[in-house]
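Heads up, target_1.cif below (mmCIF, C-alpha atoms and all ligand atoms):
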```
data_work
loop_
_atom_site.label_atom_id
_atom_site.label_comp_id
_atom_site.auth_asym_id
_atom_site.auth_seq_id
_atom_site.Cartn_x
_atom_site.Cartn_y
_atom_site.Cartn_z
CA MET A 157 37.60 -17.63 -59.61
CA ALA A 158 38.51 -20.41 -57.18
CA ARG A 159 36.94 -20.52 -53.74
CA ALA A 160 38.83 -22.32 -51.00
CA PRO A 161 36.93 -24.93 -48.99
CA LYS A 162 35.44 -23.31 -45.91
CA ASN A 163 36.83 -24.50 -42.61
CA ASP A 164 37.26 -21.48 -40.42
CA LEU A 165 37.82 -22.13 -36.74
CA PRO A 166 37.83 -19.26 -34.23
CA MET A 167 41.24 -18.23 -32.88
CA MET A 168 42.37 -19.61 -29.53
CA SER A 169 43.85 -17.54 -26.70
CA THR A 170 47.22 -18.41 -25.12
CA ASP A 171 45.66 -19.74 -21.91
CA GLU A 172 43.44 -22.14 -23.88
CA GLY A 173 46.30 -24.28 -25.22
CA ILE A 174 49.06 -24.21 -27.86
CA VAL A 175 48.44 -21.26 -30.14
CA LEU A 176 49.60 -21.16 -33.74
CA PHE A 177 51.63 -17.94 -33.51
CA HIS A 178 53.07 -15.84 -30.73
CA PRO A 179 55.25 -12.72 -31.03
CA HIS A 180 58.84 -13.11 -29.90
CA MET A 181 59.58 -10.16 -27.64
CA PRO A 182 63.34 -9.91 -27.08
CA LYS A 183 64.60 -9.41 -23.54
CA LYS A 184 65.98 -5.91 -24.07
CA ALA A 185 62.97 -4.61 -26.06
CA LYS A 186 61.24 -2.88 -23.14
CA GLN A 187 64.43 -1.16 -22.01
CA TYR A 188 65.29 0.03 -25.53
CA VAL A 189 61.73 1.25 -26.16
CA CYS A 190 61.68 3.10 -22.81
CA ASP A 191 65.04 4.72 -23.63
CA THR A 192 63.57 5.80 -26.95
CA LEU A 193 60.45 7.24 -25.33
CA ASP A 194 62.69 9.34 -23.06
CA GLY A 195 64.65 10.74 -26.01
CA ARG A 196 64.06 13.27 -28.75
CA TRP A 197 63.29 10.82 -31.57
CA ILE A 198 60.33 8.47 -31.47
CA GLY A 199 59.56 8.66 -35.21
CA GLN A 200 62.30 8.09 -37.81
CA GLY A 201 65.57 8.98 -36.11
CA PRO A 202 69.03 7.59 -35.31
CA LYS A 203 67.76 4.18 -34.17
CA VAL A 204 66.34 3.56 -37.63
CA ASP A 205 69.78 4.25 -39.15
CA LEU A 206 71.41 2.01 -36.57
CA PHE A 207 68.91 -0.76 -37.21
CA GLU A 208 69.57 -0.61 -40.97
CA ALA A 209 73.36 -0.66 -40.49
CA ARG A 210 73.26 -3.56 -38.01
CA PHE A 211 70.79 -5.50 -40.15
CA ARG A 212 73.01 -5.11 -43.20
CA ALA A 213 76.10 -6.33 -41.35
CA GLN A 214 74.41 -9.14 -39.45
CA PHE A 215 72.66 -10.66 -42.47
CA GLN A 216 75.57 -9.96 -44.83
CA GLN A 217 73.41 -7.96 -47.19
CA PRO A 218 75.62 -6.75 -50.04
CA GLY A 219 73.38 -3.80 -50.90
CA PRO A 220 71.80 -0.85 -49.10
CA CYS A 221 69.08 -1.67 -46.59
CA VAL A 222 66.11 0.71 -46.48
CA SER A 223 63.69 0.05 -43.64
CA THR A 224 59.96 0.78 -43.88
CA GLY A 225 56.77 0.84 -41.85
CA SER A 226 55.76 -2.61 -43.13
CA GLY A 227 56.83 -5.38 -45.45
CA THR A 228 54.03 -4.32 -47.78
CA ASP A 229 55.56 -0.82 -47.99
CA ALA A 230 58.92 -2.41 -48.74
CA LEU A 231 57.43 -4.49 -51.57
CA HIS A 232 55.76 -1.44 -53.08
CA LEU A 233 59.11 0.36 -53.00
CA ALA A 234 60.83 -2.68 -54.54
CA TYR A 235 58.31 -2.75 -57.40
CA LEU A 236 58.78 0.98 -58.02
CA LEU A 237 62.58 0.68 -57.88
CA ALA A 238 62.39 -2.26 -60.31
CA GLY A 239 60.73 0.14 -62.76
CA ILE A 240 57.40 -1.70 -62.91
CA LYS A 241 54.90 0.50 -64.70
CA PRO A 242 51.12 0.53 -65.25
CA GLY A 243 50.10 -2.33 -67.53
CA ASP A 244 53.32 -4.32 -67.01
CA GLU A 245 52.91 -8.07 -66.68
CA VAL A 246 54.65 -9.48 -63.63
CA LEU A 247 54.80 -13.19 -62.85
CA VAL A 248 53.88 -13.72 -59.20
CA PRO A 249 53.08 -16.61 -56.88
CA LEU A 250 49.47 -17.72 -56.73
CA PHE A 251 49.89 -19.01 -53.21
CA THR A 252 51.03 -16.24 -50.87
CA CYS A 253 49.88 -13.51 -48.53
CA THR A 254 47.88 -10.96 -50.54
CA ALA A 255 50.51 -8.40 -49.50
CA THR A 256 52.84 -9.84 -52.15
CA ASN A 257 50.51 -8.98 -54.99
CA ILE A 258 48.34 -6.05 -53.87
CA PRO A 259 51.15 -3.43 -54.24
CA LEU A 260 51.35 -4.32 -57.94
CA LEU A 261 47.73 -3.17 -58.17
CA TYR A 262 48.72 0.16 -56.54
CA ILE A 263 50.93 0.67 -59.59
CA GLY A 264 48.35 -0.56 -62.09
CA ALA A 265 50.61 -3.46 -63.11
CA LYS A 266 49.16 -6.85 -64.06
CA PRO A 267 50.13 -9.67 -61.71
CA ARG A 268 49.93 -13.03 -63.51
CA PHE A 269 49.74 -15.98 -61.17
CA VAL A 270 52.15 -18.90 -61.33
CA ASP A 271 50.87 -22.20 -59.97
CA VAL A 272 52.31 -23.74 -56.83
CA ASP A 273 54.88 -26.50 -56.43
CA PRO A 274 52.90 -28.89 -54.22
CA ARG A 275 56.04 -30.20 -52.49
CA THR A 276 57.13 -26.78 -51.22
CA LEU A 277 54.17 -24.40 -51.80
CA ASN A 278 56.69 -22.13 -53.52
CA LEU A 279 56.06 -21.20 -57.12
CA SER A 280 56.34 -23.95 -59.69
CA ILE A 281 59.34 -23.64 -62.01
CA GLU A 282 57.48 -25.61 -64.71
CA ASP A 283 54.56 -23.18 -64.66
CA LEU A 284 56.96 -20.22 -64.54
CA LYS A 285 58.65 -21.56 -67.69
CA ARG A 286 55.26 -21.95 -69.37
CA LYS A 287 54.18 -18.39 -68.59
CA ILE A 288 57.35 -16.35 -69.00
CA SER A 289 57.51 -14.43 -72.28
CA ASP A 290 58.78 -11.21 -73.83
CA ARG A 291 55.83 -9.50 -72.14
CA THR A 292 57.09 -10.38 -68.65
CA ARG A 293 58.65 -7.39 -66.88
CA ALA A 294 59.68 -9.05 -63.58
CA ILE A 295 59.44 -12.22 -61.52
CA VAL A 296 58.27 -12.12 -57.91
CA CYS A 297 58.87 -15.15 -55.70
CA VAL A 298 57.97 -15.91 -52.10
CA HIS A 299 60.00 -18.24 -49.89
CA TYR A 300 56.95 -19.87 -48.36
CA GLY A 301 57.23 -20.57 -44.64
CA GLY A 302 60.96 -19.82 -44.79
CA LEU A 303 61.98 -22.39 -47.43
CA PRO A 304 63.94 -20.72 -50.25
CA CYS A 305 62.57 -21.00 -53.77
CA ASP A 306 64.56 -22.69 -56.55
CA MET A 307 66.69 -19.59 -57.01
CA ALA A 308 69.14 -21.05 -59.54
CA GLU A 309 66.29 -21.87 -61.91
CA ILE A 310 64.51 -18.53 -61.32
CA ARG A 311 67.77 -16.61 -61.81
CA ALA A 312 68.50 -18.44 -65.07
CA LEU A 313 65.07 -17.56 -66.47
CA ALA A 314 65.35 -13.93 -65.34
CA ASP A 315 68.78 -13.64 -66.96
CA GLN A 316 67.51 -15.20 -70.17
CA TYR A 317 64.68 -12.64 -70.39
CA ARG A 318 66.80 -9.83 -68.86
CA ILE A 319 64.25 -9.02 -66.18
CA PRO A 320 64.67 -8.43 -62.45
CA VAL A 321 63.70 -10.79 -59.66
CA ILE A 322 62.01 -9.47 -56.54
CA GLU A 323 62.21 -11.87 -53.62
CA ASP A 324 59.48 -11.60 -51.04
CA ALA A 325 61.44 -12.92 -48.06
CA ALA A 326 58.77 -11.94 -45.52
CA HIS A 327 58.91 -15.50 -44.10
CA ALA A 328 62.56 -16.18 -44.65
CA LEU A 329 64.88 -14.00 -42.61
CA GLY A 330 67.95 -16.11 -41.89
CA ALA A 331 67.40 -18.55 -44.77
CA THR A 332 70.25 -19.28 -47.16
CA TYR A 333 70.45 -20.65 -50.68
CA ASP A 334 73.59 -22.36 -51.92
CA GLY A 335 75.43 -20.93 -48.92
CA LYS A 336 74.37 -17.34 -49.75
CA PRO A 337 72.11 -15.24 -47.54
CA LEU A 338 68.90 -14.06 -49.14
CA GLY A 339 69.42 -10.48 -50.24
CA ALA A 340 72.61 -11.45 -52.08
CA ILE A 341 70.95 -13.24 -55.01
CA SER A 342 68.32 -11.08 -56.67
CA GLU A 343 68.06 -7.45 -57.70
CA PHE A 344 65.54 -6.81 -54.89
CA THR A 345 64.72 -8.58 -51.64
CA MET A 346 62.10 -7.60 -49.12
CA TYR A 347 61.68 -8.60 -45.45
CA SER A 348 58.79 -8.19 -43.02
CA PHE A 349 59.10 -7.46 -39.29
CA GLN A 350 55.39 -7.72 -38.61
CA ALA A 351 54.29 -8.88 -35.15
CA ILE A 352 54.75 -12.64 -35.50
CA LYS A 353 57.83 -12.80 -37.73
CA GLN A 354 61.19 -14.20 -36.58
CA LEU A 355 62.31 -10.58 -36.00
CA THR A 356 59.68 -7.98 -35.19
CA THR A 357 59.51 -4.21 -34.93
CA GLY A 358 55.78 -4.34 -34.10
CA ASP A 359 55.13 -3.69 -37.76
CA GLY A 360 57.95 -3.00 -40.17
CA GLY A 361 59.83 -4.09 -43.24
CA LEU A 362 62.96 -3.57 -45.26
CA VAL A 363 64.01 -3.58 -48.87
CA THR A 364 67.54 -4.30 -50.00
CA PHE A 365 68.90 -4.14 -53.56
CA LEU A 366 72.13 -4.96 -55.33
CA ASP A 367 72.35 -1.66 -57.23
CA GLU A 368 73.80 0.76 -54.66
CA SER A 369 72.94 3.76 -56.86
CA LEU A 370 69.21 3.24 -56.18
CA ALA A 371 69.62 4.14 -52.49
CA PRO A 372 68.86 7.88 -52.72
CA LEU A 373 65.72 7.20 -54.80
CA ALA A 374 64.59 4.49 -52.36
CA ARG A 375 65.04 6.84 -49.42
CA ARG A 376 63.21 9.67 -51.19
CA LEU A 377 60.29 7.45 -52.21
CA ARG A 378 60.06 6.32 -48.60
CA TRP A 379 59.43 9.89 -47.49
CA PHE A 380 57.18 11.94 -49.79
CA GLY A 381 59.90 12.25 -52.47
CA ILE A 382 61.87 14.55 -50.16
CA ASP A 383 65.59 14.27 -49.40
CA ARG A 384 65.28 13.96 -45.66
CA THR A 385 69.04 14.17 -45.04
CA ASP A 386 69.16 17.55 -46.75
CA LYS A 387 66.13 18.66 -44.81
CA GLN A 388 67.75 17.72 -41.51
CA LYS A 389 70.76 19.80 -42.48
CA GLY A 390 68.38 22.74 -42.54
CA ILE A 391 67.87 22.84 -46.31
CA TRP A 392 64.12 23.38 -46.53
CA ASP A 393 63.72 24.58 -50.10
CA ASN A 394 64.07 21.18 -51.73
CA ASP A 395 61.79 20.38 -54.63
CA ILE A 396 59.67 17.25 -54.95
CA THR A 397 59.94 15.75 -58.41
CA GLU A 398 58.37 12.34 -57.95
CA VAL A 399 55.48 10.89 -55.98
CA GLY A 400 56.75 9.56 -52.67
CA TYR A 401 55.05 7.84 -49.76
CA LYS A 402 55.17 7.90 -45.98
CA TYR A 403 56.72 4.51 -45.52
CA GLN A 404 59.40 5.02 -42.89
CA MET A 405 60.16 2.88 -39.83
CA THR A 406 60.01 4.62 -36.45
CA ASP A 407 62.64 4.68 -33.72
CA ILE A 408 60.16 2.93 -31.42
CA GLY A 409 59.93 0.05 -33.88
CA ALA A 410 63.68 0.10 -34.51
CA ALA A 411 64.31 -0.13 -30.73
CA ILE A 412 62.40 -3.44 -30.64
CA GLY A 413 64.20 -4.52 -33.81
CA LEU A 414 67.63 -3.74 -32.37
CA ALA A 415 66.83 -5.88 -29.33
CA GLY A 416 65.65 -8.65 -31.68
CA LEU A 417 68.84 -8.49 -33.74
CA GLU A 418 70.92 -9.06 -30.60
CA GLU A 419 69.25 -12.38 -29.94
CA PHE A 420 68.33 -13.34 -33.49
CA ASP A 421 70.82 -16.20 -33.76
CA GLN A 422 69.34 -17.91 -30.71
CA THR A 423 65.77 -17.23 -31.86
CA LEU A 424 66.45 -18.76 -35.25
CA ALA A 425 68.30 -21.73 -33.78
CA TYR A 426 65.39 -22.41 -31.45
CA ARG A 427 62.81 -22.13 -34.23
CA ARG A 428 64.91 -24.50 -36.33
CA ALA A 429 65.09 -26.97 -33.45
CA LEU A 430 61.28 -26.95 -33.21
CA TYR A 431 61.04 -27.41 -36.98
CA ARG A 432 63.50 -30.32 -36.96
CA ARG A 433 61.60 -31.97 -34.11
CA TYR A 434 58.39 -31.87 -36.17
CA VAL A 435 60.26 -33.40 -39.11
CA GLU A 436 61.76 -36.20 -37.00
CA ASN A 437 58.38 -37.02 -35.47
CA LEU A 438 56.30 -36.83 -38.63
CA LYS A 439 58.52 -37.89 -41.50
CA LYS A 440 57.37 -41.51 -41.38
CA VAL A 441 53.73 -40.98 -40.42
CA SER A 442 51.46 -42.24 -43.15
CA GLY A 443 48.89 -39.74 -44.40
CA ILE A 444 51.17 -36.76 -43.63
CA ALA A 445 53.47 -35.08 -46.14
CA ILE A 446 55.85 -32.40 -44.87
CA VAL A 447 55.94 -29.28 -47.06
CA ASN A 448 59.66 -29.18 -47.86
CA ASP A 449 61.72 -30.66 -50.69
CA PHE A 450 64.76 -31.01 -48.37
CA ASP A 451 66.93 -29.67 -51.18
CA PRO A 452 70.46 -29.41 -49.69
CA ARG A 453 70.91 -26.01 -51.38
CA LYS A 454 68.22 -24.57 -49.12
CA GLU A 455 68.50 -23.69 -45.44
CA HIS A 456 65.03 -23.15 -43.98
CA ALA A 457 64.24 -20.11 -41.81
CA ALA A 458 61.59 -22.06 -39.85
CA TRP A 459 58.79 -19.52 -39.83
CA LEU A 460 56.01 -21.99 -40.62
CA PHE A 461 55.77 -25.74 -40.30
CA THR A 462 53.23 -26.93 -42.87
CA ILE A 463 51.93 -30.40 -43.70
CA LEU A 464 49.60 -31.86 -46.30
CA VAL A 465 46.82 -34.05 -44.94
CA GLU A 466 43.61 -35.65 -46.14
CA SER A 467 40.37 -34.70 -44.34
CA ARG A 468 41.96 -31.47 -43.12
CA LEU A 469 38.96 -30.19 -41.21
CA GLU A 470 38.70 -33.42 -39.23
CA CYS A 471 42.43 -33.17 -38.51
CA GLN A 472 42.01 -29.61 -37.29
CA LEU A 473 39.02 -30.53 -35.13
CA LYS A 474 40.98 -33.38 -33.57
CA LEU A 475 43.88 -31.03 -32.82
CA ARG A 476 41.49 -28.45 -31.44
CA SER A 477 39.87 -31.04 -29.17
CA ARG A 478 43.37 -31.35 -27.62
CA ARG A 479 43.66 -27.55 -27.41
CA ILE A 480 46.06 -27.16 -30.34
CA GLU A 481 45.54 -24.41 -32.88
CA SER A 482 46.16 -24.92 -36.61
CA ALA A 483 45.16 -22.98 -39.73
CA GLN A 484 45.68 -22.40 -43.44
CA THR A 485 47.17 -18.94 -42.80
CA HIS A 486 47.60 -18.11 -46.51
CA PHE A 487 45.20 -18.61 -49.40
CA ARG A 488 45.43 -18.87 -53.16
CA ASN A 489 45.19 -15.33 -54.46
CA ASP A 490 42.89 -16.14 -57.40
CA ARG A 491 40.08 -16.41 -54.84
CA TYR A 492 40.17 -12.61 -54.43
CA THR A 493 37.94 -10.78 -56.89
CA VAL A 494 40.29 -7.80 -56.91
CA PHE A 495 42.80 -9.76 -59.04
CA GLY A 496 40.18 -10.63 -61.70
CA CYS A 497 41.81 -13.99 -62.45
CA ASN A 498 40.10 -16.61 -64.59
CA GLU A 499 42.97 -19.03 -65.16
CA THR A 500 43.07 -22.54 -63.76
CA PHE A 501 45.77 -23.91 -61.45
CA PRO A 502 45.77 -27.71 -61.32
CA ALA A 503 48.61 -28.05 -58.79
CA MET A 504 46.97 -25.62 -56.39
CA ASP A 505 43.66 -27.46 -56.84
CA SER A 506 45.40 -30.68 -55.87
CA ILE A 507 46.48 -29.38 -52.43
CA ASP A 508 43.92 -26.68 -51.71
CA ASP A 509 42.02 -28.78 -49.18
CA LYS A 510 45.17 -30.39 -47.71
CA TYR A 511 47.71 -27.87 -46.47
CA LEU A 512 47.77 -27.13 -42.76
CA VAL A 513 50.05 -24.94 -40.65
CA LEU A 514 50.99 -26.16 -37.16
CA PRO A 515 52.18 -24.05 -34.18
CA LEU A 516 55.80 -22.86 -34.27
CA HIS A 517 57.05 -20.03 -32.06
CA THR A 518 59.48 -19.33 -29.25
CA ARG A 519 56.84 -19.68 -26.49
CA MET A 520 56.60 -23.40 -27.35
CA SER A 521 58.73 -26.23 -26.03
CA LEU A 522 60.11 -29.24 -27.88
CA GLU A 523 57.86 -31.38 -25.69
CA GLN A 524 54.85 -29.48 -26.97
CA VAL A 525 55.92 -30.31 -30.53
CA ASP A 526 56.06 -33.96 -29.43
CA SER A 527 52.57 -33.76 -27.98
CA ILE A 528 51.17 -32.21 -31.18
CA CYS A 529 52.81 -34.97 -33.20
CA GLU A 530 51.41 -37.65 -30.89
CA VAL A 531 47.90 -36.39 -31.59
CA LEU A 532 48.59 -36.54 -35.32
CA GLN A 533 50.10 -40.01 -35.01
CA GLU A 534 46.86 -41.25 -33.45
CA GLY A 535 45.05 -40.31 -36.67
CA TRP A 536 41.80 -38.36 -37.12
C1 LIG B 601 54.58 -13.52 -47.99
C2 LIG B 601 54.30 -12.20 -47.37
N1 LIG B 601 54.63 -11.09 -48.05
C3 LIG B 601 54.41 -9.87 -47.56
C4 LIG B 601 53.87 -9.70 -46.31
C5 LIG B 601 53.61 -8.32 -45.83
O1 LIG B 601 54.35 -7.98 -44.75
P1 LIG B 601 53.81 -6.91 -43.70
O2 LIG B 601 52.74 -7.59 -42.90
O3 LIG B 601 55.02 -6.59 -42.89
O4 LIG B 601 53.30 -5.75 -44.46
C6 LIG B 601 53.50 -10.81 -45.56
C7 LIG B 601 52.85 -10.63 -44.27
O5 LIG B 601 53.20 -10.96 -43.25
C8 LIG B 601 53.73 -12.11 -46.09
O6 LIG B 601 53.38 -13.21 -45.43
#
```
I need this file expressed as structure tokens, please.
Amino acid sequence: MARAPKNDLPMMSTDEGIVLFHPHMPKKAKQYVCDTLDGRWIGQGPKVDLFEARFRAQFQQPGPCVSTGSGTDALHLAYLLAGIKPGDEVLVPLFTCTATNIPLLYIGAKPRFVDVDPRTLNLSIEDLKRKISDRTRAIVCVHYGGLPCDMAEIRALADQYRIPVIEDAAHALGATYDGKPLGAISEFTMYSFQAIKQLTTGDGGLVTFLDESLAPLARRLRWFGIDRTDKQKGIWDNDITEVGYKYQMTDIGAAIGLAGLEEFDQTLAYRRALYRRYVENLKKVSGIAIVNDFDPRKEHAAWLFTILVESRLECQLKLRSRRIESAQTHFRNDRYTVFGCNETFPAMDSIDDKYLVLPLHTRMSLEQVDSICEVLQEGW
């Protein structure tokens, strides 16, 4: 089992300097939440339905959109809807938030890690090709930081083996691939609306799928296996025939989400402007590689700006001495005992002590990006 090099730095507070993350609270959020608190529904109610309908229209999602209490819930539902069963082998990214892979353990499936592409930190197509076999039941991919994976290549492999693809788009709301929105490419796509995502509901998530007929099952699994619509019509004698969960979004969360949807285009444009500014400032700085393959098929959702550097801890200490926060944020999943992984991952090894996430959020200015880049340009 691999252990990442230790370089933990304590978190900074907002008044200490430029923090790594900050929630984006949309202007109308307080008003919409207060309206909700004055009404009958604070749990799952009409605002959840409205949020799902608006989300589907705004992000041109071809399939049903089922919101949840978290992105992790949404992934668990996606895995269940994809028919993943105990013992099934699923090819998953090595480098991601543990939330991508833990729900497979809920099911008793066997996640098998695919090495990273060091240019993008997405999964490596070469390693995917090496590991895919007749045993593989599904492919899971993560659009790291908001940069879409190589979807044409992943799709071709999935079609060849006749298995579904589940996209973990927790970082990538607003990204496109070959002109298509995420959610329109694979059988299943999941989003996260956790506190610091481009769109937040406090905590929340959503799963969308191309097969419309799965919608009733998805909605039942989200709520104990009960048909909630029937129940609200006053039909209380419904049976439960499958194990369901309590995974619904609340109207309080949806109220924040609805406010976020209204200003999402501006939020995304601003995040992209910050991202582009980093790229312009750093693209020619020696000793810094930007994590992005700049593939014209991919439109980045600018959740994270990540670089590869030598002597990362020194770089972080230099940034911190100028009151700038930075971190690894995500870690290779083979470091976690729970996955019981003994394979080796040469590409991940090659960047494990190099990747570094820099601040990117709507409380930052373009000038602050410049000042961060100036510190990096000085060297460390
Ligand atoms: C790649 C990835 N997948 C899944 C999740 C889980 O989402 P949530 O925190 O909404 O449960 C996260 C967390 O933010 C994530 O970064």
Proximity check chain A to ligand LIG 601 (chain B), 6 Å, nearest pairs one decimal Å, all atoms listed in the file, as JSON lines:
```
{"residue": "A:Ser226", "atom": "CA", "partner": "B:LIG601", "partner_atom": "O3", "distance": 4.1}
{"residue": "A:Gly227", "atom": "CA", "partner": "B:LIG601", "partner_atom": "O3", "distance": 3.4}
{"residue": "A:Thr228", "atom": "CA", "partner": "B:LIG601", "partner_atom": "O4", "distance": 3.7}
{"residue": "A:Thr252", "atom": "CA", "partner": "B:LIG601", "partner_atom": "C1", "distance": 5.3}
{"residue": "A:Cys253", "atom": "CA", "partner": "B:LIG601", "partner_atom": "O6", "distance": 4.7}
{"residue": "A:Ala255", "atom": "CA", "partner": "B:LIG601", "partner_atom": "C3", "distance": 4.6}
{"residue": "A:Thr256", "atom": "CA", "partner": "B:LIG601", "partner_atom": "N1", "distance": 4.6}
{"residue": "A:Val298", "atom": "CA", "partner": "B:LIG601", "partner_atom": "C1", "distance": 5.8}
{"residue": "A:Asp324", "atom": "CA", "partner": "B:LIG601", "partner_atom": "N1", "distance": 5.7}
{"residue": "A:Ala326", "atom": "CA", "partner": "B:LIG601", "partner_atom": "C2", "distance": 4.8}
{"residue": "A:Ser348", "atom": "CA", "partner": "B:LIG601", "partner_atom": "O3", "distance": 4.1}
{"residue": "A:Phe349", "atom": "CA", "partner": "B:LIG601", "partner_atom": "O3", "distance": 5.5}
{"residue": "A:Gln350", "atom": "CA", "partner": "B:LIG601", "partner_atom": "O3", "distance": 4.4}
{"residue": "A:Asp359", "atom": "CA", "partner": "B:LIG601", "partner_atom": "O3", "distance": 5.9}
{"residue": "A:Gly360", "atom": "CA", "partner": "B:LIG601", "partner_atom": "O3", "distance": 5.4}
{"residue": "A:Gly361", "atom": "CA", "partner": "B:LIG601", "partner_atom": "O3", "distance": 5.4}
```
I'd like the neighbourhood of segment 213-223 of chain A as number ranges by chain, where a residue qualifies if any of its atoms comes within 9 Å (using only C-alpha atoms), though same-chain residues fewer than 4 positions away should be ignored.
A: 204-205, 207-209, 227, 230, 329-330, 336-340, 360-368, 370-371, 374-375, 378, 403-405, 417
When you look at Pro202 of chain A with a cut-off of 12 Å (counting only C-alpha atoms), what residues show up, excluding the ones that are within fewer than 2 positions of it in the same chain? I need them as a CSV table (one decimal) with C-alpha atoms, in the frame of the given file.
```csv
chain,number,residue,atom,x,y,z
A,192,THR,CA,63.6,5.8,-27.0
A,195,GLY,CA,64.6,10.7,-26.0
A,196,ARG,CA,64.1,13.3,-28.8
A,197,TRP,CA,63.3,10.8,-31.6
A,198,ILE,CA,60.3,8.5,-31.5
A,199,GLY,CA,59.6,8.7,-35.2
A,200,GLN,CA,62.3,8.1,-37.8
A,204,VAL,CA,66.3,3.6,-37.6
A,205,ASP,CA,69.8,4.2,-39.2
A,206,LEU,CA,71.4,2.0,-36.6
A,207,PHE,CA,68.9,-0.8,-37.2
A,208,GLU,CA,69.6,-0.6,-41.0
A,209,ALA,CA,73.4,-0.7,-40.5
A,385,THR,CA,69.0,14.2,-45.0
A,388,GLN,CA,67.8,17.7,-41.5
A,405,MET,CA,60.2,2.9,-39.8
A,406,THR,CA,60.0,4.6,-36.4
A,407,ASP,CA,62.6,4.7,-33.7
A,408,ILE,CA,60.2,2.9,-31.4
A,409,GLY,CA,59.9,0.0,-33.9
A,410,ALA,CA,63.7,0.1,-34.5
A,411,ALA,CA,64.3,-0.1,-30.7
A,414,LEU,CA,67.6,-3.7,-32.4
```
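For segment 422-430 of chain A, the non-local neighbours within 8 Å, defined as residues at least 2 positions apart in the same chain or in other chains and counting all atoms listed in the file, are Gly330, Gln354, Glu419, Phe420, Arg432, Arg433, Tyr434, His456, Ala457, Ala458, Trp459, Leu516, His517, Thr518, Ser521, Leu522 and Val525 of chain A.
For the atom pair formed by atom CA of Asp509 of chain A and atom CA of Leu231 of chain A, the distance is 28.9 Å, given to one decimal.
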Residues near Lys285 of chain A, cut-off 10 Å, all atoms listed in the file, skip fewer than 6 positions along chain, as JSON, numbers by chain:
{"A": [270, 309, 310, 313]}
Do you have the atom CA of Thr493 of chain A-atom CA of Leu279 of chain A distance handy?
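Calculated distance between atom CA of Thr493 of chain A and atom CA of Leu279 of chain A is 20.9 Å.
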What are the nearest atom pairs, with distances in Å to one decimal, for all residues of segment 323-386 of chain A that come at most 8 Å from segment 300-304 of chain A, using only C-alpha atoms, set out by chain and rising residue number as a Markdown table?
```
| residue | atom | partner | partner_atom | distance |
| --- | --- | --- | --- | --- |
| A:Ala325 | CA | A:Gly302 | CA | 7.7 |
| A:His327 | CA | A:Gly302 | CA | 4.8 |
| A:Ala328 | CA | A:Gly302 | CA | 4.0 |
| A:Leu329 | CA | A:Gly302 | CA | 7.3 |
| A:Ala331 | CA | A:Gly302 | CA | 6.6 |
| A:Thr332 | CA | A:Pro304 | CA | 7.2 |
| A:Tyr333 | CA | A:Pro304 | CA | 6.5 |
```
d(atom CA of Leu512 of chain A, atom CA of Cys471 of chain A) in Å:
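That distance, rounded to one decimal, is 9.1 Å.
Of the listed residues A:Leu260, A:Ile528, A:Leu247, A:Leu460, the one whose atoms come nearest to Leu277 of chain A is A:Leu460, with distances taken using all atoms listed in the file.
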Which of these, A:Pro249, A:Gly201, A:Pro166, A:Gly243, has the shortest distance to Phe269 of chain A once you count only C-alpha atoms?
A:Pro249
